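Raw model_16.cif, mmCIF, N, CA and C atoms:
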```
data_coords
#
loop_
_atom_site.label_atom_id
_atom_site.label_comp_id
_atom_site.auth_asym_id
_atom_site.auth_seq_id
_atom_site.Cartn_x
_atom_site.Cartn_y
_atom_site.Cartn_z
N MET A 1 91.30 66.09 122.06
CA MET A 1 91.97 67.34 122.30
C MET A 1 93.48 67.09 122.32
N SER A 2 94.23 67.96 121.74
CA SER A 2 95.67 67.81 121.63
C SER A 2 96.38 68.38 122.85
N ASN A 3 97.41 67.69 123.30
CA ASN A 3 98.20 68.15 124.44
C ASN A 3 99.54 68.71 124.00
N ILE A 4 99.61 69.24 122.78
CA ILE A 4 100.85 69.80 122.26
C ILE A 4 101.10 71.16 122.89
N LYS A 5 102.31 71.32 123.43
CA LYS A 5 102.68 72.60 124.02
C LYS A 5 103.73 73.24 123.12
N SER A 6 103.63 74.54 122.98
CA SER A 6 104.56 75.28 122.14
C SER A 6 105.35 76.24 123.00
N TYR A 7 106.67 76.24 122.79
CA TYR A 7 107.55 77.14 123.54
C TYR A 7 108.24 78.07 122.56
N GLY A 8 108.39 79.32 122.95
CA GLY A 8 109.03 80.28 122.07
C GLY A 8 108.06 80.78 121.02
N THR A 9 108.62 81.38 119.99
CA THR A 9 107.79 81.92 118.90
C THR A 9 108.07 81.16 117.62
N THR A 10 107.07 81.07 116.80
CA THR A 10 107.25 80.45 115.49
C THR A 10 107.87 81.47 114.54
N ASP A 11 108.34 81.00 113.40
CA ASP A 11 108.90 81.91 112.41
C ASP A 11 107.86 82.93 111.97
N GLU A 12 106.62 82.49 111.84
CA GLU A 12 105.55 83.40 111.41
C GLU A 12 105.30 84.48 112.46
N GLU A 13 105.31 84.10 113.72
CA GLU A 13 105.11 85.08 114.80
C GLU A 13 106.27 86.07 114.86
N ALA A 14 107.49 85.58 114.64
CA ALA A 14 108.66 86.46 114.64
C ALA A 14 108.58 87.44 113.47
N ASP A 15 108.12 86.95 112.30
CA ASP A 15 107.97 87.81 111.13
C ASP A 15 106.94 88.90 111.38
N ILE A 16 105.84 88.54 112.02
CA ILE A 16 104.79 89.51 112.34
C ILE A 16 105.33 90.57 113.30
N ALA A 17 106.10 90.15 114.29
CA ALA A 17 106.68 91.09 115.25
C ALA A 17 107.66 92.03 114.55
N ASN A 18 108.46 91.50 113.62
CA ASN A 18 109.40 92.34 112.88
C ASN A 18 108.68 93.36 112.02
N ARG A 19 107.60 92.95 111.38
CA ARG A 19 106.83 93.88 110.55
C ARG A 19 106.17 94.96 111.40
N ALA A 20 105.71 94.59 112.58
CA ALA A 20 105.10 95.57 113.49
C ALA A 20 106.15 96.60 113.91
N LYS A 21 107.36 96.14 114.17
CA LYS A 21 108.44 97.06 114.55
C LYS A 21 108.74 98.02 113.40
N CYS A 22 108.73 97.52 112.17
CA CYS A 22 108.95 98.37 110.99
C CYS A 22 107.87 99.44 110.88
N ARG A 23 106.63 99.05 111.11
CA ARG A 23 105.53 100.03 111.06
C ARG A 23 105.69 101.10 112.13
N GLU A 24 106.18 100.70 113.31
CA GLU A 24 106.43 101.68 114.37
C GLU A 24 107.53 102.67 113.97
N ILE A 25 108.56 102.17 113.32
CA ILE A 25 109.66 103.03 112.86
C ILE A 25 109.14 104.02 111.83
N VAL A 26 108.33 103.54 110.89
CA VAL A 26 107.76 104.42 109.87
C VAL A 26 106.87 105.47 110.52
N ALA A 27 106.05 105.07 111.47
CA ALA A 27 105.18 106.03 112.16
C ALA A 27 106.01 107.10 112.86
N GLU A 28 107.12 106.70 113.46
CA GLU A 28 107.98 107.67 114.15
C GLU A 28 108.60 108.65 113.16
N ILE A 29 109.03 108.16 112.02
CA ILE A 29 109.59 109.04 110.98
C ILE A 29 108.53 110.02 110.50
N LEU A 30 107.32 109.53 110.27
CA LEU A 30 106.25 110.40 109.79
C LEU A 30 105.86 111.44 110.84
N ASN A 31 106.05 111.13 112.11
CA ASN A 31 105.77 112.10 113.18
C ASN A 31 106.67 113.33 113.11
N PHE A 32 107.80 113.21 112.42
CA PHE A 32 108.69 114.35 112.24
C PHE A 32 108.14 115.35 111.23
N GLY A 33 107.12 114.96 110.47
CA GLY A 33 106.54 115.86 109.47
C GLY A 33 107.40 115.95 108.23
N VAL A 34 107.88 114.81 107.75
CA VAL A 34 108.76 114.80 106.58
C VAL A 34 107.97 115.04 105.29
N THR A 35 108.66 115.61 104.32
CA THR A 35 108.05 115.84 103.00
C THR A 35 108.21 114.58 102.14
N GLN A 36 107.54 114.57 101.00
CA GLN A 36 107.64 113.44 100.08
C GLN A 36 109.08 113.26 99.59
N ASN A 37 109.75 114.36 99.30
CA ASN A 37 111.15 114.28 98.85
C ASN A 37 112.04 113.71 99.95
N GLN A 38 111.77 114.08 101.19
CA GLN A 38 112.56 113.55 102.31
C GLN A 38 112.32 112.05 102.49
N ILE A 39 111.10 111.61 102.26
CA ILE A 39 110.80 110.17 102.35
C ILE A 39 111.61 109.41 101.31
N VAL A 40 111.65 109.92 100.09
CA VAL A 40 112.44 109.26 99.04
C VAL A 40 113.91 109.24 99.43
N GLN A 41 114.41 110.33 99.99
CA GLN A 41 115.81 110.40 100.41
C GLN A 41 116.09 109.39 101.53
N ILE A 42 115.16 109.25 102.47
CA ILE A 42 115.32 108.28 103.55
C ILE A 42 115.35 106.86 103.00
N VAL A 43 114.45 106.56 102.06
CA VAL A 43 114.45 105.23 101.43
C VAL A 43 115.77 104.99 100.72
N TYR A 44 116.26 106.01 100.02
CA TYR A 44 117.55 105.90 99.32
C TYR A 44 118.68 105.60 100.30
N LEU A 45 118.74 106.37 101.38
CA LEU A 45 119.81 106.17 102.36
C LEU A 45 119.71 104.80 103.04
N LEU A 46 118.51 104.36 103.33
CA LEU A 46 118.33 103.04 103.92
C LEU A 46 118.74 101.94 102.94
N SER A 47 118.44 102.14 101.66
CA SER A 47 118.80 101.13 100.68
C SER A 47 120.31 100.98 100.56
N LEU A 48 121.06 102.05 100.84
CA LEU A 48 122.52 101.97 100.82
C LEU A 48 123.06 101.08 101.93
N GLU A 49 122.26 100.83 102.95
CA GLU A 49 122.67 100.02 104.09
C GLU A 49 122.45 98.52 103.86
N LEU A 50 121.82 98.15 102.75
CA LEU A 50 121.53 96.74 102.50
C LEU A 50 122.82 95.95 102.25
N GLU A 51 122.85 94.73 102.75
CA GLU A 51 123.99 93.86 102.54
C GLU A 51 123.99 93.25 101.13
N ASN A 52 122.79 92.98 100.61
CA ASN A 52 122.68 92.39 99.28
C ASN A 52 122.87 93.49 98.23
N ARG A 53 123.96 93.39 97.49
CA ARG A 53 124.32 94.44 96.53
C ARG A 53 123.28 94.60 95.42
N GLU A 54 122.74 93.49 94.94
CA GLU A 54 121.72 93.57 93.87
C GLU A 54 120.48 94.30 94.35
N ASP A 55 120.03 93.99 95.57
CA ASP A 55 118.87 94.69 96.13
C ASP A 55 119.17 96.17 96.30
N MET A 56 120.38 96.47 96.77
CA MET A 56 120.78 97.86 96.98
C MET A 56 120.75 98.63 95.66
N LEU A 57 121.33 98.05 94.62
CA LEU A 57 121.35 98.72 93.32
C LEU A 57 119.94 98.92 92.76
N PHE A 58 119.10 97.92 92.93
CA PHE A 58 117.72 98.01 92.45
C PHE A 58 116.97 99.15 93.13
N LEU A 59 117.05 99.21 94.46
CA LEU A 59 116.31 100.23 95.20
C LEU A 59 116.90 101.62 95.02
N THR A 60 118.22 101.74 95.00
CA THR A 60 118.81 103.06 94.78
C THR A 60 118.47 103.57 93.39
N GLY A 61 118.43 102.66 92.41
CA GLY A 61 118.04 103.06 91.05
C GLY A 61 116.60 103.55 91.00
N ALA A 62 115.72 102.87 91.71
CA ALA A 62 114.32 103.28 91.75
C ALA A 62 114.18 104.66 92.40
N CYS A 63 114.92 104.89 93.48
CA CYS A 63 114.87 106.19 94.16
C CYS A 63 115.42 107.29 93.26
N LYS A 64 116.51 107.02 92.57
CA LYS A 64 117.08 108.02 91.67
C LYS A 64 116.13 108.35 90.53
N THR A 65 115.39 107.36 90.06
CA THR A 65 114.40 107.58 89.01
C THR A 65 113.35 108.57 89.48
N VAL A 66 112.90 108.42 90.72
CA VAL A 66 111.90 109.33 91.27
C VAL A 66 112.49 110.73 91.46
N VAL A 67 113.69 110.81 92.03
CA VAL A 67 114.33 112.10 92.31
C VAL A 67 114.61 112.86 91.02
N ASP A 68 115.04 112.15 89.98
CA ASP A 68 115.38 112.79 88.71
C ASP A 68 114.16 113.18 87.90
N GLY A 69 112.97 112.83 88.38
CA GLY A 69 111.75 113.19 87.69
C GLY A 69 111.47 112.36 86.45
N GLU A 70 112.11 111.21 86.36
CA GLU A 70 111.92 110.35 85.19
C GLU A 70 110.64 109.52 85.28
N ILE A 71 109.92 109.69 86.35
CA ILE A 71 108.66 108.97 86.54
C ILE A 71 107.62 109.97 87.00
N ASN A 72 106.41 109.76 86.59
CA ASN A 72 105.32 110.62 87.03
C ASN A 72 105.08 110.36 88.51
N LYS A 73 105.41 111.31 89.36
CA LYS A 73 105.34 111.12 90.80
C LYS A 73 103.91 110.93 91.30
N SER A 74 102.92 111.28 90.52
CA SER A 74 101.55 111.09 90.96
C SER A 74 101.06 109.68 90.68
N SER A 75 101.82 108.92 89.89
CA SER A 75 101.41 107.55 89.60
C SER A 75 102.19 106.59 90.49
N ALA A 76 101.77 105.35 90.51
CA ALA A 76 102.45 104.34 91.30
C ALA A 76 103.80 104.01 90.66
N LEU A 77 104.77 103.77 91.48
CA LEU A 77 106.10 103.41 91.00
C LEU A 77 106.13 101.90 90.79
N ILE A 78 106.28 101.50 89.55
CA ILE A 78 106.37 100.07 89.23
C ILE A 78 107.71 99.86 88.54
N VAL A 79 108.56 99.10 89.18
CA VAL A 79 109.87 98.83 88.62
C VAL A 79 109.99 97.33 88.45
N THR A 80 110.32 96.90 87.26
CA THR A 80 110.51 95.47 87.03
C THR A 80 111.96 95.12 87.19
N LYS A 81 112.21 93.96 87.74
CA LYS A 81 113.56 93.55 88.03
C LYS A 81 114.13 92.73 86.91
#
```
Give the structure from the file, written as structure tokens.
Amino acid sequence: MSNIKSYGTTDEEADIANRAKCREIVAEILNFGVTQNQIVQIVYLLSLELENREDMLFLTGACKTVVDGEINKSSALIVTK
């Protein structure tokens, strides 16, 4: 039997906690009764807050594609980088 003791959280545990917090935020937003267009707008506005410019441009472009109707909104959005 191993006598190894662990203190604090591992990177994996911290990642799981961060993802759980994200799910809670999404649930809270959905509790407001937002429409599909509002969800896209929220994603767009959040993408503008990204520090990584390439990621920001990629996500804002994907959101604009949906808003402009250039993609069939009933199908899955697949954007290649």
>> So the first atom is atom C of Arg23 in chain A and the second is CA of Tyr7 in chain A; what is the distance between them in Å, to one decimal place?
In response: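 We find that atom C of Arg23 in chain A and CA of Tyr7 in chain A lie 26.6 Å from each other.
Across the structure, atom N of Leu59 in chain A and CA of Val40 in chain A are spaced 12.0 Å apart.
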> A:Val43, A:Leu48, A:Ile25, A:Ile16: which is nearest Val67 in chain A, counting only C-alpha atoms?
Replying inline: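 Among A:Val43, A:Leu48, A:Ile25, A:Ile16, it is A:Val43 that comes nearest to Val67 in chain A.
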> Just how far from CA of Tyr44 in chain A is CA of Phe58 in chain A, in Å to one decimal?
Replying inline: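 That distance, rounded to one decimal, is 10.5 Å.
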>> Once the PyMOL selection byres ((chain A and resi 60) around 8) has been evaluated on this model, what residues remain selected, and can you format them as a PyMOL selection string?
In response: chain A and resi 43-48+54-59+61-66
> So which bits of chain A end up helix (DSSP H, G or I) when you DSSP the backbone, as a ChimeraX atom specification?
Replying inline: /A:11-31,36-47,53-67
Any chance you could work out the axis-aligned box around range 37-41 of chain A, listed atoms only, 3 Å on each side, giving centre and edge lengths in Å to one decimal, as JSON?
```
{"center_x": 112.9, "center_y": 111.8, "center_z": 100.7, "size_x": 12.3, "size_y": 11.1, "size_z": 9.6}
```
